[in-house]
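Undergrad: Here it is: the structure, laid out below.
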Amino acid sequence: MRNEKGKIITITSSKGGVGKSIFLLNLAGIYQRLGKKILLLDLDFSGGSLAVSLNVLAEKTIYNVMDDFLHNRYTEVLEYVSSYNEAIDVIACPKDPRQITKIEIRYLIPFLERASFIYDVILIDTTHGFSKDNIVIYDNSDTLVYLMTNDLLDLKNSKNFMSIMKDIEMDHLRVILNYSLVPHENYFSNFDIRTMIHWKIDDFLPTDYHIKNITEYLVKGIIPVLDQKTWQKKYQKNETKLFKMAKDLIGEEENYGEENIN
Ligand SMILES: Nc1ncnc2c1ncn2[C@@H]1O[C@H](COP(=O)(O)OP(=O)(O)OP(=O)(O)O)[C@@H](O)[C@H]1O
Ligand SMILES: [Mg+2]
């Protein structure tokens with residue numbers, strides 16, 4: 001049990017397939033390299049993939065957490081997690097859609113409260129787009145990371161997303177533009193994007209982070225940034241940015257701000 005509470009970071013987007021889960025896995029790897037203890041919580045109810053991507057066989061899922069709370073059977077956080085390695089645990093999303101429809105998201109609040117005394121960082125993956133469940137998840141996070149791409153449809157969706165964010169005063173939002181998904185997709189300038197979405201862009205994932213053999217990593221259950229043989233050799237000089245970004249998201253990096261994108 002820790003004295004200080006860990007940080008809860010949620011990653012979301014308006015559009016599917018913008019790189020949320022890969023970014024989340026790499027962030028987890030960076031936090032491990034920073035000596036943190038991490039919980040990955042898969043709340044992508046449209047078909048979570050974290051446990052599969054990590055080759056972790058999860059006996060219990062977030063459904064069991066919620067169901068046990070509902071029936072007064074809940075015991076303790078560690079009963080529900082599956083271990084990836086010594087630093088990273090994961091709670092999977094149920095595979096059975098019937099269980100997904102029964103998830104009572106309100107129990108997320110007491111669960112996060114308990115988990116934040118065990119883990120330094122809790123990383124939550126979500127389904128893209130607005131939903132009642134997502135609003136509860138956003139509200140109960142310390143930092144909400146909104147990942148978007150330089151893509152016309154994504155820009156349109158992001159404009160709507162930001163306008164709702166303003167209405168509901170979601171001020172712990174950090175907008176990150178992902179250039180690593182499809183390198184050189186830069187039709188719009190940062191100025192254009194900011195003007196279109198009416199929100200400041202906090203950071204970006206550079207083209208350099210495009211991982212050609214990403215499928216191989218996923219099949220083998222390896223987090224790219226933890227792969228010493230290839231990733232760490234190839235990207236060593238570019239890793240500083242990822243480290244700073246990760247520290248910034250948990251409030252451990254000072255003076256890391258707008259100059260990154262402008
Ligand atoms: N850094 C990267 N380098 C290369 N390819 C990437 C990278 N990040 C994501 N991709 C590609 O984009 C696909 C979608 O990424 P990912 O699953 O992380 O997106 P997502 O936003 O979580 O999607 P979904 O909305 O379906 O959950 C990956 O399967 C991979 O092929
Ligand atoms: Mg995903």
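Here's how to read the names in the structure tokens: chain A, B, ... by the order shown, residue numbers from 1 in each chain, ligand numbers from 1 in the order shown.
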Kindly assemble as CSV a list of the chain A residues that lie within 6 Å of ligand 1, each paired with its nearest atom pair and their distance in Å to one decimal, using only C-alpha atoms and all ligand atoms, sorted first by chain and then by ascending residue number.

TA:
residue,atom,partner,partner_atom_place_in_ligand_line,distance
A:Gly16,CA,ligand 1,25 (O),3.2
A:Gly17,CA,ligand 1,23 (O),3.2
A:Val18,CA,ligand 1,21 (O),3.9
A:Gly19,CA,ligand 1,18 (O),3.2
A:Lys20,CA,ligand 1,22 (O),3.8
A:Ser21,CA,ligand 1,18 (O),3.7
A:Ile22,CA,ligand 1,18 (O),3.8
A:His128,CA,ligand 1,25 (O),5.6
A:Ser180,CA,ligand 1,1 (N),4.9
A:Leu181,CA,ligand 1,7 (C),4.5
A:Tyr209,CA,ligand 1,1 (N),5.2
A:His210,CA,ligand 1,3 (N),3.6
A:Ile211,CA,ligand 1,3 (N),3.7
A:Lys212,CA,ligand 1,4 (C),5.5
A:Ile214,CA,ligand 1,4 (C),5.6

Undergrad: Please produce, as a Markdown table, a per-residue contact table for range 166-215 of chain A versus range 134-137 of chain A (criterion: any atom at most 12 Å away, only C-alpha atoms considered), showing the nearest atom pair and its distance in Å to one decimal, sorted by chain then residue number.

TA:
| residue | atom | partner | partner_atom | distance |
| --- | --- | --- | --- | --- |
| A:Ile168 | CA | A:Ile135 | CA | 9.7 |
| A:Glu169 | CA | A:Ile135 | CA | 11.8 |
| A:Met170 | CA | A:Ile135 | CA | 9.8 |

Undergrad: Could you list, as a ChimeraX atom specification, all the residues within 12 Å of ligand 2, counting only C-alpha atoms and all ligand atoms?

TA: /A:11-25,41-53,93,124-128,147

Undergrad: Could you give me, as JSON, numbers by chain, the residues within 8 Å of range 94-107 of chain A, counting only C-alpha atoms and dropping anything in the same chain fewer than 3 positions from it?

TA: {"A": [45, 47, 48, 61, 62, 63, 66, 67, 69, 70, 110, 111, 133, 136]}

Undergrad: Would you list, as JSON, numbers by chain, the residues of range 3-84 of chain A that end up in helix (DSSP H, G or I) under DSSP run on this structure's backbone?

TA: {"A": [20, 21, 22, 23, 24, 25, 26, 27, 28, 29, 30, 31, 32, 33, 50, 51, 52, 53, 62, 63, 64, 65, 66, 67, 68, 69, 70, 77, 78, 79]}

Undergrad: Contacts of range 235-249 of chain A at 7 Å or less, counting only C-alpha atoms, minus same-chain residues fewer than 4 places along, as an mmCIF file with C-alpha atoms, in the first residue's frame?

TA:
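That gives us result_9.cif:
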data_model
loop_
_atom_site.group_PDB
_atom_site.id
_atom_site.type_symbol
_atom_site.label_atom_id
_atom_site.label_comp_id
_atom_site.auth_asym_id
_atom_site.auth_seq_id
_atom_site.Cartn_x
_atom_site.Cartn_y
_atom_site.Cartn_z
ATOM 1 C CA LEU A 27 3.546 4.379 -22.384
ATOM 2 C CA ILE A 30 8.192 3.757 -20.576
ATOM 3 C CA THR A 143 -5.386 13.127 -17.255
ATOM 4 C CA TRP A 231 13.615 -0.780 -30.610
ATOM 5 C CA GLU A 253 8.058 16.874 -16.002
ATOM 6 C CA TYR A 256 7.068 20.748 -20.872
#

Undergrad: Measuring atom to atom with only C-alpha atoms, identify which of A:Thr10, A:Thr149, A:Ser83, A:Asn157 is nearest to Ile201 in chain A.

TA: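 Of A:Thr10, A:Thr149, A:Ser83, A:Asn157, the one nearest Ile201 in chain A, counting only C-alpha atoms, is A:Thr149.
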
Undergrad: Which one of A:Glu4, A:Asp208, A:Glu59, A:Asp151 sits closest to Ala92 in chain A if you count only C-alpha atoms?

TA: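 Nearest candidate to Ala92 in chain A out of A:Glu4, A:Asp208, A:Glu59, A:Asp151: A:Glu59.
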
Undergrad: Which neighbours of range 227-230 of chain A fall inside 12 Å, counting only C-alpha atoms, when residues of the same chain fewer than 2 positions from it are skipped, and could you give them as a short mmCIF file (atom, residue, chain, number, x, y, z; two decimals) with all heavy atoms, in the first residue's frame?

TA:
data_model
loop_
_atom_site.label_atom_id
_atom_site.label_comp_id
_atom_site.auth_asym_id
_atom_site.auth_seq_id
_atom_site.Cartn_x
_atom_site.Cartn_y
_atom_site.Cartn_z
N ASN A 26 3.05 1.33 -25.25
CA ASN A 26 4.38 1.94 -25.19
C ASN A 26 4.55 2.84 -23.96
O ASN A 26 5.61 2.86 -23.34
CB ASN A 26 4.67 2.73 -26.47
CG ASN A 26 5.33 1.84 -27.51
OD1 ASN A 26 6.01 0.87 -27.17
ND2 ASN A 26 5.13 2.16 -28.77
N GLY A 29 5.34 0.70 -21.12
CA GLY A 29 6.76 0.30 -21.17
C GLY A 29 7.68 1.40 -20.67
O GLY A 29 8.64 1.14 -19.93
N ILE A 30 7.37 2.63 -21.03
CA ILE A 30 8.19 3.76 -20.58
C ILE A 30 8.08 3.90 -19.05
O ILE A 30 9.08 4.08 -18.36
CB ILE A 30 7.75 5.08 -21.27
CG1 ILE A 30 8.02 5.01 -22.79
CG2 ILE A 30 8.44 6.30 -20.64
CD1 ILE A 30 9.46 5.10 -23.20
N ARG A 33 10.17 1.45 -17.41
CA ARG A 33 11.59 1.85 -17.44
C ARG A 33 11.87 3.00 -16.48
O ARG A 33 13.01 3.24 -16.12
CB ARG A 33 12.00 2.16 -18.88
CG ARG A 33 12.07 0.88 -19.72
CD ARG A 33 12.25 1.14 -21.19
NE ARG A 33 13.49 1.83 -21.48
CZ ARG A 33 13.79 2.33 -22.68
NH1 ARG A 33 12.94 2.19 -23.68
NH2 ARG A 33 14.93 2.95 -22.88
N ILE A 211 6.27 2.07 -36.29
CA ILE A 211 6.95 0.78 -36.09
C ILE A 211 6.53 -0.16 -37.22
O ILE A 211 5.37 -0.59 -37.28
CB ILE A 211 6.55 0.18 -34.71
CG1 ILE A 211 6.73 1.22 -33.61
CG2 ILE A 211 7.33 -1.08 -34.42
CD1 ILE A 211 5.90 0.96 -32.37
N LYS A 212 7.48 -0.43 -38.12
CA LYS A 212 7.13 -1.22 -39.31
C LYS A 212 6.63 -2.61 -38.95
O LYS A 212 5.67 -3.09 -39.52
CB LYS A 212 8.36 -1.33 -40.22
CG LYS A 212 8.57 -0.10 -41.08
CD LYS A 212 9.45 -0.45 -42.28
CE LYS A 212 9.79 0.83 -43.03
NZ LYS A 212 11.21 1.07 -43.16
N ASN A 213 7.30 -3.25 -38.00
CA ASN A 213 6.93 -4.62 -37.65
C ASN A 213 6.01 -4.69 -36.43
O ASN A 213 6.15 -5.56 -35.58
CB ASN A 213 8.19 -5.46 -37.41
CG ASN A 213 9.10 -4.81 -36.39
OD1 ASN A 213 9.01 -3.61 -36.16
ND2 ASN A 213 9.96 -5.61 -35.76
N ILE A 214 5.06 -3.75 -36.38
CA ILE A 214 4.18 -3.68 -35.21
C ILE A 214 3.40 -4.99 -35.00
O ILE A 214 3.23 -5.44 -33.86
CB ILE A 214 3.22 -2.46 -35.29
CG1 ILE A 214 2.43 -2.27 -34.00
CG2 ILE A 214 2.28 -2.51 -36.47
CD1 ILE A 214 3.23 -1.79 -32.85
N GLU A 216 4.28 -8.00 -35.65
CA GLU A 216 5.18 -9.00 -35.04
C GLU A 216 5.24 -8.79 -33.52
O GLU A 216 5.17 -9.75 -32.75
CB GLU A 216 6.56 -8.84 -35.67
CG GLU A 216 7.47 -10.01 -35.43
CD GLU A 216 8.85 -9.73 -36.00
OE1 GLU A 216 8.97 -9.06 -37.04
OE2 GLU A 216 9.82 -10.19 -35.35
N TYR A 217 5.36 -7.52 -33.12
CA TYR A 217 5.39 -7.23 -31.68
C TYR A 217 4.11 -7.71 -31.00
O TYR A 217 4.13 -8.31 -29.93
CB TYR A 217 5.54 -5.72 -31.43
CG TYR A 217 6.96 -5.22 -31.54
CD1 TYR A 217 7.35 -4.36 -32.55
CD2 TYR A 217 7.91 -5.62 -30.61
CE1 TYR A 217 8.65 -3.89 -32.64
CE2 TYR A 217 9.22 -5.16 -30.68
CZ TYR A 217 9.58 -4.30 -31.70
OH TYR A 217 10.86 -3.85 -31.78
N LYS A 220 3.85 -11.49 -30.75
CA LYS A 220 4.75 -12.04 -29.74
C LYS A 220 4.45 -11.52 -28.32
O LYS A 220 5.05 -11.97 -27.35
CB LYS A 220 6.20 -11.68 -30.08
CG LYS A 220 6.73 -12.43 -31.30
CD LYS A 220 8.19 -12.10 -31.50
CE LYS A 220 8.78 -12.86 -32.67
NZ LYS A 220 10.02 -12.25 -33.15
N GLY A 221 3.56 -10.55 -28.24
CA GLY A 221 3.23 -9.99 -26.92
C GLY A 221 4.34 -9.14 -26.34
O GLY A 221 4.50 -9.06 -25.12
N ILE A 222 5.11 -8.51 -27.23
CA ILE A 222 6.22 -7.66 -26.74
C ILE A 222 5.83 -6.19 -26.86
O ILE A 222 5.33 -5.76 -27.91
CB ILE A 222 7.51 -7.91 -27.56
CG1 ILE A 222 7.94 -9.37 -27.41
CG2 ILE A 222 8.63 -6.97 -27.14
CD1 ILE A 222 9.09 -9.77 -28.32
N ILE A 223 6.08 -5.45 -25.80
CA ILE A 223 5.87 -4.00 -25.86
C ILE A 223 7.08 -3.40 -26.57
O ILE A 223 8.23 -3.59 -26.11
CB ILE A 223 5.71 -3.42 -24.43
CG1 ILE A 223 4.42 -3.94 -23.80
CG2 ILE A 223 5.74 -1.90 -24.47
CD1 ILE A 223 4.14 -3.44 -22.40
N PRO A 224 6.87 -2.70 -27.70
CA PRO A 224 8.02 -2.23 -28.48
C PRO A 224 9.11 -1.53 -27.66
O PRO A 224 10.29 -1.88 -27.79
CB PRO A 224 7.40 -1.30 -29.52
CG PRO A 224 6.02 -1.84 -29.71
CD PRO A 224 5.61 -2.38 -28.38
N VAL A 225 8.73 -0.59 -26.79
CA VAL A 225 9.78 0.17 -26.08
C VAL A 225 10.54 -0.68 -25.05
O VAL A 225 11.55 -0.24 -24.50
CB VAL A 225 9.24 1.44 -25.37
CG1 VAL A 225 8.59 2.40 -26.34
CG2 VAL A 225 8.32 1.10 -24.22
N GLN A 232 15.13 -0.36 -28.79
CA GLN A 232 15.96 0.54 -27.99
C GLN A 232 17.23 0.95 -28.73
O GLN A 232 17.73 2.05 -28.54
CB GLN A 232 16.26 -0.07 -26.62
CG GLN A 232 15.00 -0.03 -25.73
CD GLN A 232 15.21 -0.64 -24.37
OE1 GLN A 232 16.31 -0.73 -23.87
NE2 GLN A 232 14.13 -1.05 -23.74
N LYS A 233 17.73 0.09 -29.62
CA LYS A 233 18.91 0.47 -30.40
C LYS A 233 18.54 1.49 -31.46
O LYS A 233 19.17 2.51 -31.64
CB LYS A 233 19.49 -0.78 -31.10
CG LYS A 233 20.62 -1.40 -30.31
CD LYS A 233 21.32 -2.45 -31.12
CE LYS A 233 22.01 -3.40 -30.15
NZ LYS A 233 21.96 -4.77 -30.59
N LYS A 234 17.44 1.22 -32.14
CA LYS A 234 17.05 2.05 -33.27
C LYS A 234 16.56 3.43 -32.83
O LYS A 234 16.79 4.43 -33.49
CB LYS A 234 15.94 1.31 -34.04
CG LYS A 234 15.56 1.97 -35.34
CD LYS A 234 14.61 1.09 -36.13
CE LYS A 234 14.01 1.87 -37.28
NZ LYS A 234 12.79 1.26 -37.78
N TYR A 235 15.81 3.45 -31.71
CA TYR A 235 15.13 4.68 -31.35
C TYR A 235 15.77 5.44 -30.18
O TYR A 235 15.24 6.45 -29.75
CB TYR A 235 13.67 4.38 -30.98
CG TYR A 235 12.86 3.92 -32.15
CD1 TYR A 235 12.72 2.58 -32.43
CD2 TYR A 235 12.24 4.84 -32.99
CE1 TYR A 235 11.97 2.15 -33.51
CE2 TYR A 235 11.50 4.42 -34.08
CZ TYR A 235 11.37 3.06 -34.33
OH TYR A 235 10.63 2.64 -35.39
N GLN A 236 16.89 4.93 -29.72
CA GLN A 236 17.48 5.51 -28.52
C GLN A 236 17.52 7.04 -28.54
O GLN A 236 17.12 7.68 -27.59
CB GLN A 236 18.89 4.97 -28.33
CG GLN A 236 19.22 4.72 -26.88
CD GLN A 236 20.37 3.75 -26.75
OE1 GLN A 236 21.18 3.64 -27.68
NE2 GLN A 236 20.45 3.06 -25.65
#

Undergrad: As a list in words, please: every residue in range 98-186 of chain A that a backbone DSSP assignment puts in strand (DSSP E).

TA: Val121, Ile122, Leu123, Ile124, Asp125, Thr126, Thr143, Leu144, Val145, Tyr146, Leu147, Met148, Leu173, Arg174, Val175, Ile176, Leu177 and Asn178 of chain A

Undergrad: Quick one: write out the picked residues with C-alpha atoms as a tab-separated table (two decimals), in the first residue's frame?

TA:
chain	number	residue	atom	x	y	z
A	121	VAL	CA	0.12	4.69	-12.93
A	122	ILE	CA	-3.22	3.33	-14.13
A	123	LEU	CA	-3.60	3.46	-17.90
A	124	ILE	CA	-7.13	3.11	-19.24
A	125	ASP	CA	-7.97	2.21	-22.83
A	126	THR	CA	-11.40	3.20	-24.15
A	143	THR	CA	-5.39	13.13	-17.26
A	144	LEU	CA	-7.44	12.49	-20.35
A	145	VAL	CA	-5.33	11.99	-23.46
A	146	TYR	CA	-7.15	12.62	-26.71
A	147	LEU	CA	-5.31	11.04	-29.62
A	148	MET	CA	-6.03	12.27	-33.14
A	173	LEU	CA	-7.56	17.08	-21.44
A	174	ARG	CA	-4.32	16.78	-23.43
A	175	VAL	CA	-4.58	16.63	-27.19
A	176	ILE	CA	-1.88	14.58	-28.91
A	177	LEU	CA	-1.54	14.45	-32.68
A	178	ASN	CA	-0.36	11.05	-33.89
